[in-house]
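Enquirer: Take a look at entry.pdb, PDB, C-alpha atoms, pLDDT in the B column:
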```
ATOM      1  CA  MET A   1      45.303 -15.305  11.798  1.00 51.00           C
ATOM      2  CA  ASP A   2      46.689 -13.274  14.720  1.00 53.00           C
ATOM      3  CA  LYS A   3      43.930 -10.665  14.412  1.00 56.00           C
ATOM      4  CA  VAL A   4      41.200 -13.259  14.596  1.00 54.00           C
ATOM      5  CA  ASN A   5      42.586 -14.783  17.774  1.00 56.00           C
ATOM      6  CA  ASN A   6      43.177 -11.393  19.415  1.00 56.00           C
ATOM      7  CA  VAL A   7      39.507 -10.348  19.372  1.00 54.00           C
ATOM      8  CA  ARG A   8      38.285  -9.800  22.892  1.00 58.00           C
ATOM      9  CA  THR A   9      34.894 -11.168  23.762  1.00 55.00           C
ATOM     10  CA  LYS A  10      32.505  -8.908  25.599  1.00 54.00           C
ATOM     11  CA  GLN A  11      29.809 -10.088  27.913  1.00 56.00           C
ATOM     12  CA  ILE A  12      26.341  -9.715  26.458  1.00 55.00           C
ATOM     13  CA  ASP A  13      24.763  -8.455  29.658  1.00 55.00           C
ATOM     14  CA  ALA A  14      27.164  -5.511  29.891  1.00 55.00           C
ATOM     15  CA  ASN A  15      25.208  -3.231  27.506  1.00 57.00           C
ATOM     16  CA  LEU A  16      21.610  -4.220  28.272  1.00 54.00           C
ATOM     17  CA  GLU A  17      20.979  -1.099  30.329  1.00 60.00           C
ATOM     18  CA  HIS A  18      21.393   1.013  27.162  1.00 58.00           C
ATOM     19  CA  PHE A  19      18.500  -0.688  25.369  1.00 56.00           C
ATOM     20  CA  ASN A  20      14.831  -0.064  25.999  1.00 56.00           C
ATOM     21  CA  ILE A  21      13.567  -3.519  26.867  1.00 58.00           C
ATOM     22  CA  SER A  22      10.275  -2.387  28.373  1.00 61.00           C
ATOM     23  CA  PRO A  23       7.415  -2.798  25.860  1.00 56.00           C
ATOM     24  CA  ASN A  24       5.271  -0.250  27.755  1.00 61.00           C
ATOM     25  CA  LYS A  25       7.796   2.546  27.388  1.00 59.00           C
ATOM     26  CA  ALA A  26       7.937   4.397  24.067  1.00 55.00           C
ATOM     27  CA  SER A  27      11.261   4.431  22.326  1.00 53.00           C
ATOM     28  CA  ASP A  28      12.923   7.621  21.129  1.00 52.00           C
ATOM     29  CA  THR A  29      12.309   6.802  17.455  1.00 53.00           C
ATOM     30  CA  SER A  30       8.542   6.527  17.880  1.00 49.00           C
ATOM     31  CA  LEU A  31       8.187  10.118  19.054  1.00 52.00           C
ATOM     32  CA  GLY A  32       8.725  11.694  15.632  1.00 56.00           C
ATOM     33  CA  PHE A  33       6.299   9.568  13.592  1.00 54.00           C
ATOM     34  CA  PRO A  34       2.509   9.688  13.455  1.00 58.00           C
ATOM     35  CA  GLU A  35       0.472   6.764  14.725  1.00 58.00           C
ATOM     36  CA  GLU A  36      -0.268   5.458  11.211  1.00 55.00           C
ATOM     37  CA  VAL A  37       3.431   5.051  10.451  1.00 53.00           C
ATOM     38  CA  ARG A  38       4.269   3.422  13.778  1.00 53.00           C
ATOM     39  CA  ASP A  39       1.385   0.971  13.579  1.00 54.00           C
ATOM     40  CA  TYR A  40       2.674  -2.221  11.960  1.00 52.00           C
ATOM     41  CA  ARG A  41      -0.803  -3.100  10.690  1.00 54.00           C
ATOM     42  CA  TYR A  42      -1.047   0.103   8.613  1.00 50.00           C
ATOM     43  CA  ARG A  43       0.134  -0.420   5.078  1.00 53.00           C
ATOM     44  CA  SER A  44      -1.063   1.838   2.236  1.00 51.00           C
ATOM     45  CA  ALA A  45      -0.329  -0.824  -0.359  1.00 52.00           C
ATOM     46  CA  ASP A  46      -1.705  -3.774   1.536  1.00 63.00           C
ATOM     47  CA  PHE A  47      -2.521  -6.421  -1.066  1.00 68.00           C
ATOM     48  CA  ARG A  48      -5.730  -7.451   0.664  1.00 76.00           C
ATOM     49  CA  LYS A  49      -6.982  -3.876   0.433  1.00 78.00           C
ATOM     50  CA  ILE A  50      -6.029  -3.703  -3.228  1.00 77.00           C
ATOM     51  CA  TRP A  51      -8.028  -6.862  -3.985  1.00 84.00           C
ATOM     52  CA  ASP A  52     -10.923  -5.495  -1.931  1.00 88.00           C
ATOM     53  CA  TYR A  53     -10.819  -2.193  -3.830  1.00 88.00           C
ATOM     54  CA  LEU A  54     -10.628  -4.006  -7.185  1.00 88.00           C
ATOM     55  CA  GLY A  55     -13.724  -6.020  -6.324  1.00 92.00           C
ATOM     56  CA  LEU A  56     -15.460  -2.872  -5.159  1.00 93.00           C
ATOM     57  CA  LEU A  57     -14.418  -1.093  -8.356  1.00 93.00           C
ATOM     58  CA  PHE A  58     -15.882  -3.820 -10.578  1.00 94.00           C
ATOM     59  CA  SER A  59     -19.075  -3.789  -8.527  1.00 95.00           C
ATOM     60  CA  MET A  60     -19.262   0.021  -8.845  1.00 95.00           C
ATOM     61  CA  LEU A  61     -18.743  -0.205 -12.605  1.00 94.00           C
ATOM     62  CA  LEU A  62     -21.482  -2.857 -12.889  1.00 95.00           C
ATOM     63  CA  ASP A  63     -23.933  -0.749 -10.900  1.00 95.00           C
ATOM     64  CA  SER A  64     -23.078   2.339 -12.927  1.00 95.00           C
ATOM     65  CA  PHE A  65     -23.613   0.483 -16.236  1.00 94.00           C
ATOM     66  CA  LYS A  66     -26.967  -0.759 -14.938  1.00 95.00           C
ATOM     67  CA  GLY A  67     -27.887   2.824 -14.014  1.00 94.00           C
ATOM     68  CA  LYS A  68     -28.151   2.182 -10.282  1.00 94.00           C
ATOM     69  CA  TYR A  69     -25.153   4.304  -9.231  1.00 94.00           C
ATOM     70  CA  PRO A  70     -23.802   7.450 -10.907  1.00 94.00           C
ATOM     71  CA  LEU A  71     -20.103   7.065 -11.684  1.00 93.00           C
ATOM     72  CA  PRO A  72     -18.146  10.140 -10.492  1.00 94.00           C
ATOM     73  CA  LYS A  73     -16.379  12.000 -13.297  1.00 95.00           C
ATOM     74  CA  LYS A  74     -13.029  11.918 -11.482  1.00 95.00           C
ATOM     75  CA  THR A  75     -13.242   8.150 -11.152  1.00 95.00           C
ATOM     76  CA  ALA A  76     -14.155   7.713 -14.812  1.00 95.00           C
ATOM     77  CA  LEU A  77     -11.269   9.935 -15.917  1.00 96.00           C
ATOM     78  CA  VAL A  78      -8.709   8.163 -13.711  1.00 96.00           C
ATOM     79  CA  LEU A  79      -9.899   4.742 -14.870  1.00 95.00           C
ATOM     80  CA  ILE A  80      -9.756   5.728 -18.530  1.00 95.00           C
ATOM     81  CA  LEU A  81      -6.245   7.162 -18.176  1.00 95.00           C
ATOM     82  CA  ALA A  82      -5.002   4.133 -16.223  1.00 93.00           C
ATOM     83  CA  PHE A  83      -6.538   1.746 -18.750  1.00 93.00           C
ATOM     84  CA  LEU A  84      -4.987   3.644 -21.660  1.00 93.00           C
ATOM     85  CA  TYR A  85      -1.582   3.504 -19.969  1.00 90.00           C
ATOM     86  CA  LEU A  86      -1.916  -0.221 -19.297  1.00 87.00           C
ATOM     87  CA  ILE A  87      -2.768  -1.094 -22.910  1.00 87.00           C
ATOM     88  CA  SER A  88      -0.380   1.427 -24.428  1.00 85.00           C
ATOM     89  CA  PRO A  89       2.808   0.028 -25.964  1.00 80.00           C
ATOM     90  CA  VAL A  90       4.670   3.095 -24.671  1.00 80.00           C
ATOM     91  CA  ASP A  91       5.605   2.541 -21.024  1.00 79.00           C
ATOM     92  CA  ILE A  92       8.113   3.946 -18.576  1.00 79.00           C
ATOM     93  CA  ALA A  93       9.586   0.447 -18.438  1.00 79.00           C
ATOM     94  CA  PRO A  94       8.764  -1.660 -21.538  1.00 78.00           C
ATOM     95  CA  ASP A  95       6.887  -4.902 -20.959  1.00 71.00           C
ATOM     96  CA  ILE A  96       9.520  -6.946 -22.795  1.00 77.00           C
ATOM     97  CA  PHE A  97      11.596  -6.933 -19.606  1.00 77.00           C
ATOM     98  CA  PRO A  98      10.097  -9.780 -17.572  1.00 77.00           C
ATOM     99  CA  LEU A  99       9.647  -8.261 -14.125  1.00 82.00           C
ATOM    100  CA  ILE A 100      10.531  -4.611 -14.493  1.00 81.00           C
ATOM    101  CA  GLY A 101       8.001  -4.115 -17.253  1.00 78.00           C
ATOM    102  CA  LEU A 102       5.126  -5.143 -15.031  1.00 82.00           C
ATOM    103  CA  VAL A 103       6.209  -3.053 -12.041  1.00 85.00           C
ATOM    104  CA  ASP A 104       5.212   0.255 -13.643  1.00 86.00           C
ATOM    105  CA  ASP A 105       1.835  -1.200 -14.664  1.00 85.00           C
ATOM    106  CA  VAL A 106       1.149  -2.340 -11.109  1.00 84.00           C
ATOM    107  CA  ALA A 107       2.300   1.049  -9.806  1.00 87.00           C
ATOM    108  CA  VAL A 108      -0.136   2.857 -12.124  1.00 89.00           C
ATOM    109  CA  LEU A 109      -2.942   0.561 -10.998  1.00 88.00           C
ATOM    110  CA  ALA A 110      -2.103   1.115  -7.318  1.00 86.00           C
ATOM    111  CA  PHE A 111      -1.879   4.874  -7.860  1.00 90.00           C
ATOM    112  CA  ALA A 112      -5.250   4.913  -9.631  1.00 92.00           C
ATOM    113  CA  LEU A 113      -6.911   2.898  -6.856  1.00 89.00           C
ATOM    114  CA  ASN A 114      -5.376   5.146  -4.227  1.00 89.00           C
ATOM    115  CA  PHE A 115      -6.571   8.232  -6.122  1.00 93.00           C
ATOM    116  CA  ILE A 116     -10.196   7.031  -6.305  1.00 94.00           C
ATOM    117  CA  LYS A 117     -10.240   5.468  -2.833  1.00 93.00           C
ATOM    118  CA  ASP A 118     -12.669   8.080  -1.480  1.00 93.00           C
ATOM    119  CA  ASP A 119     -15.140   7.409  -4.292  1.00 95.00           C
ATOM    120  CA  LEU A 120     -14.877   3.678  -3.625  1.00 94.00           C
ATOM    121  CA  GLU A 121     -15.556   4.216   0.076  1.00 94.00           C
ATOM    122  CA  ASN A 122     -18.589   6.387  -0.804  1.00 94.00           C
ATOM    123  CA  TYR A 123     -19.817   3.601  -3.062  1.00 95.00           C
ATOM    124  CA  ARG A 124     -19.289   1.049  -0.276  1.00 94.00           C
ATOM    125  CA  ALA A 125     -21.412   3.176   2.090  1.00 94.00           C
ATOM    126  CA  TRP A 126     -24.086   3.541  -0.590  1.00 94.00           C
ATOM    127  CA  LYS A 127     -24.114  -0.191  -1.268  1.00 93.00           C
ATOM    128  CA  MET A 128     -24.379  -1.056   2.433  1.00 93.00           C
ATOM    129  CA  SER A 129     -27.330   1.312   2.849  1.00 93.00           C
ATOM    130  CA  ASN A 130     -29.233  -0.246  -0.080  1.00 84.00           C
TER     131      ASN A 130
END
```
What's the structure tokens form of this structure?

Expert:
Amino acid sequence: MDKVNNVRTKQIDANLEHFNISPNKASDTSLGFPEEVRDYRYRSADFRKIWDYLGLLFSMLLDSFKGKYPLPKKTALVLILAFLYLISPVDIAPDIFPLIGLVDDVAVLAFALNFIKDDLENYRAWKMSN
């Protein structure tokens, strides 16, 4: 009990000059990172982008099955491998574990979408021009 009562209080304003409180001045930690990392809006695994890419992927697959758009071989290979992993009973983390089992499946899906992102963007440009 003595130690708790012996704690000296320090005024809050005493150390404010050590902190960068100006929003216009860059802090020391922002100098070593590229703009994409510093920007709070940049997220590689943004869920809205994933849903957008999934919709674009299904649209690309529909157009390729109809013969309107040629499916790139890299995209077809990545999709086949990701699909085989998702339906395979052999996983890194088995699906019998409630949450952990789904994490590796979502990671494979996110990796596959990130890998074919350029093909999806090319398809988006093609679809907007038609």

Enquirer: Can you work out which one of A:Leu102, A:Tyr85, A:Leu71, A:Met128 has the shortest atom-to-atom distance to Phe58 in chain A, counting all atoms listed in the file?

Expert: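 Answer, going by the shortest atom-to-atom distance: A:Leu71.
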
Enquirer: Run the PyMOL selection byres ((chain A and resi 122) around 12) on the file and write out the hits as a ChimeraX atom specification.

Expert: /A:53,56-57,60,69-72,75,116-121,123-129

Enquirer: CA of Val108 in chain A to CA of Leu54 in chain A: how many Å, to one decimal?

Expert: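 Rounded to one decimal, the two atoms are 13.5 Å apart.
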
Enquirer: May I ask for the distance between CA of Ile87 in chain A and CA of Lys66 in chain A, given in Å to one decimal place?

Expert: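 Answer for the CA of Ile87 in chain A to CA of Lys66 in chain A separation: 25.5 Å.
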
Enquirer: Near Ile92 in chain A, counting all atoms listed in the file, which residues have an atom at most 10 Å away, once you skip same-chain residues fewer than 5 positions from it, shown as a list in words?

Expert: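 Neighbouring residues, sequence-local ones excluded: Tyr85, Ile100, Gly101, Val103, Asp104 and Asp105 of chain A.
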
Enquirer: Separation of CA of Ala82 in chain A and CA of Ala112 in chain A, in Å?

Expert: 6.6 Å

Enquirer: Please, could N, CA and C atoms be added to range 60-85 of chain A and the result written as an mmCIF file, keeping the file's coordinate frame?

Expert:
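New file out_36.cif:
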```
data_model
loop_
_atom_site.group_PDB
_atom_site.id
_atom_site.type_symbol
_atom_site.label_atom_id
_atom_site.label_comp_id
_atom_site.auth_asym_id
_atom_site.auth_seq_id
_atom_site.Cartn_x
_atom_site.Cartn_y
_atom_site.Cartn_z
ATOM 1 N N MET A 60 -18.823 -1.346 -8.569
ATOM 2 C CA MET A 60 -19.262 0.021 -8.845
ATOM 3 C C MET A 60 -19.477 0.225 -10.339
ATOM 4 N N LEU A 61 -18.578 -0.331 -11.157
ATOM 5 C CA LEU A 61 -18.743 -0.205 -12.605
ATOM 6 C C LEU A 61 -20.000 -0.939 -13.086
ATOM 7 N N LEU A 62 -20.272 -2.114 -12.528
ATOM 8 C CA LEU A 62 -21.482 -2.857 -12.889
ATOM 9 C C LEU A 62 -22.734 -2.074 -12.525
ATOM 10 N N ASP A 63 -22.766 -1.521 -11.319
ATOM 11 C CA ASP A 63 -23.933 -0.749 -10.900
ATOM 12 C C ASP A 63 -24.078 0.536 -11.710
ATOM 13 N N SER A 64 -22.970 1.117 -12.123
ATOM 14 C CA SER A 64 -23.078 2.339 -12.927
ATOM 15 C C SER A 64 -23.552 2.019 -14.348
ATOM 16 N N PHE A 65 -23.135 0.867 -14.905
ATOM 17 C CA PHE A 65 -23.613 0.483 -16.236
ATOM 18 C C PHE A 65 -25.098 0.109 -16.209
ATOM 19 N N LYS A 66 -25.550 -0.431 -15.075
ATOM 20 C CA LYS A 66 -26.967 -0.759 -14.938
ATOM 21 C C LYS A 66 -27.810 0.470 -14.621
ATOM 22 N N GLY A 67 -27.162 1.589 -14.306
ATOM 23 C CA GLY A 67 -27.887 2.824 -14.014
ATOM 24 C C GLY A 67 -28.293 2.970 -12.561
ATOM 25 N N LYS A 68 -27.797 2.115 -11.697
ATOM 26 C CA LYS A 68 -28.151 2.182 -10.282
ATOM 27 C C LYS A 68 -27.318 3.205 -9.520
ATOM 28 N N TYR A 69 -26.079 3.419 -9.949
ATOM 29 C CA TYR A 69 -25.153 4.304 -9.231
ATOM 30 C C TYR A 69 -24.463 5.221 -10.233
ATOM 31 N N PRO A 70 -24.486 6.539 -9.974
ATOM 32 C CA PRO A 70 -23.802 7.450 -10.907
ATOM 33 C C PRO A 70 -22.286 7.405 -10.697
ATOM 34 N N LEU A 71 -21.563 7.142 -11.752
ATOM 35 C CA LEU A 71 -20.103 7.065 -11.684
ATOM 36 C C LEU A 71 -19.528 8.482 -11.606
ATOM 37 N N PRO A 72 -18.745 8.803 -10.574
ATOM 38 C CA PRO A 72 -18.146 10.140 -10.492
ATOM 39 C C PRO A 72 -17.213 10.401 -11.676
ATOM 40 N N LYS A 73 -17.184 11.648 -12.119
ATOM 41 C CA LYS A 73 -16.379 12.000 -13.297
ATOM 42 C C LYS A 73 -14.894 11.794 -13.041
ATOM 43 N N LYS A 74 -14.450 12.105 -11.817
ATOM 44 C CA LYS A 74 -13.029 11.918 -11.482
ATOM 45 C C LYS A 74 -12.647 10.450 -11.586
ATOM 46 N N THR A 75 -13.504 9.578 -11.099
ATOM 47 C CA THR A 75 -13.242 8.150 -11.152
ATOM 48 C C THR A 75 -13.200 7.666 -12.594
ATOM 49 N N ALA A 76 -14.131 8.120 -13.407
ATOM 50 C CA ALA A 76 -14.155 7.713 -14.812
ATOM 51 C C ALA A 76 -12.891 8.178 -15.528
ATOM 52 N N LEU A 77 -12.463 9.407 -15.267
ATOM 53 C CA LEU A 77 -11.269 9.935 -15.917
ATOM 54 C C LEU A 77 -10.013 9.167 -15.501
ATOM 55 N N VAL A 78 -9.888 8.897 -14.203
ATOM 56 C CA VAL A 78 -8.709 8.163 -13.711
ATOM 57 C C VAL A 78 -8.688 6.746 -14.271
ATOM 58 N N LEU A 79 -9.843 6.102 -14.331
ATOM 59 C CA LEU A 79 -9.899 4.742 -14.870
ATOM 60 C C LEU A 79 -9.568 4.706 -16.355
ATOM 61 N N ILE A 80 -10.056 5.684 -17.096
ATOM 62 C CA ILE A 80 -9.756 5.728 -18.530
ATOM 63 C C ILE A 80 -8.264 5.952 -18.751
ATOM 64 N N LEU A 81 -7.677 6.893 -18.012
ATOM 65 C CA LEU A 81 -6.245 7.162 -18.176
ATOM 66 C C LEU A 81 -5.393 5.961 -17.757
ATOM 67 N N ALA A 82 -5.759 5.306 -16.663
ATOM 68 C CA ALA A 82 -5.002 4.133 -16.223
ATOM 69 C C ALA A 82 -5.133 2.993 -17.234
ATOM 70 N N PHE A 83 -6.338 2.797 -17.757
ATOM 71 C CA PHE A 83 -6.538 1.746 -18.750
ATOM 72 C C PHE A 83 -5.749 2.036 -20.020
ATOM 73 N N LEU A 84 -5.760 3.286 -20.466
ATOM 74 C CA LEU A 84 -4.987 3.644 -21.660
ATOM 75 C C LEU A 84 -3.492 3.427 -21.444
ATOM 76 N N TYR A 85 -3.002 3.738 -20.249
ATOM 77 C CA TYR A 85 -1.582 3.504 -19.969
ATOM 78 C C TYR A 85 -1.267 2.010 -19.968
#
```
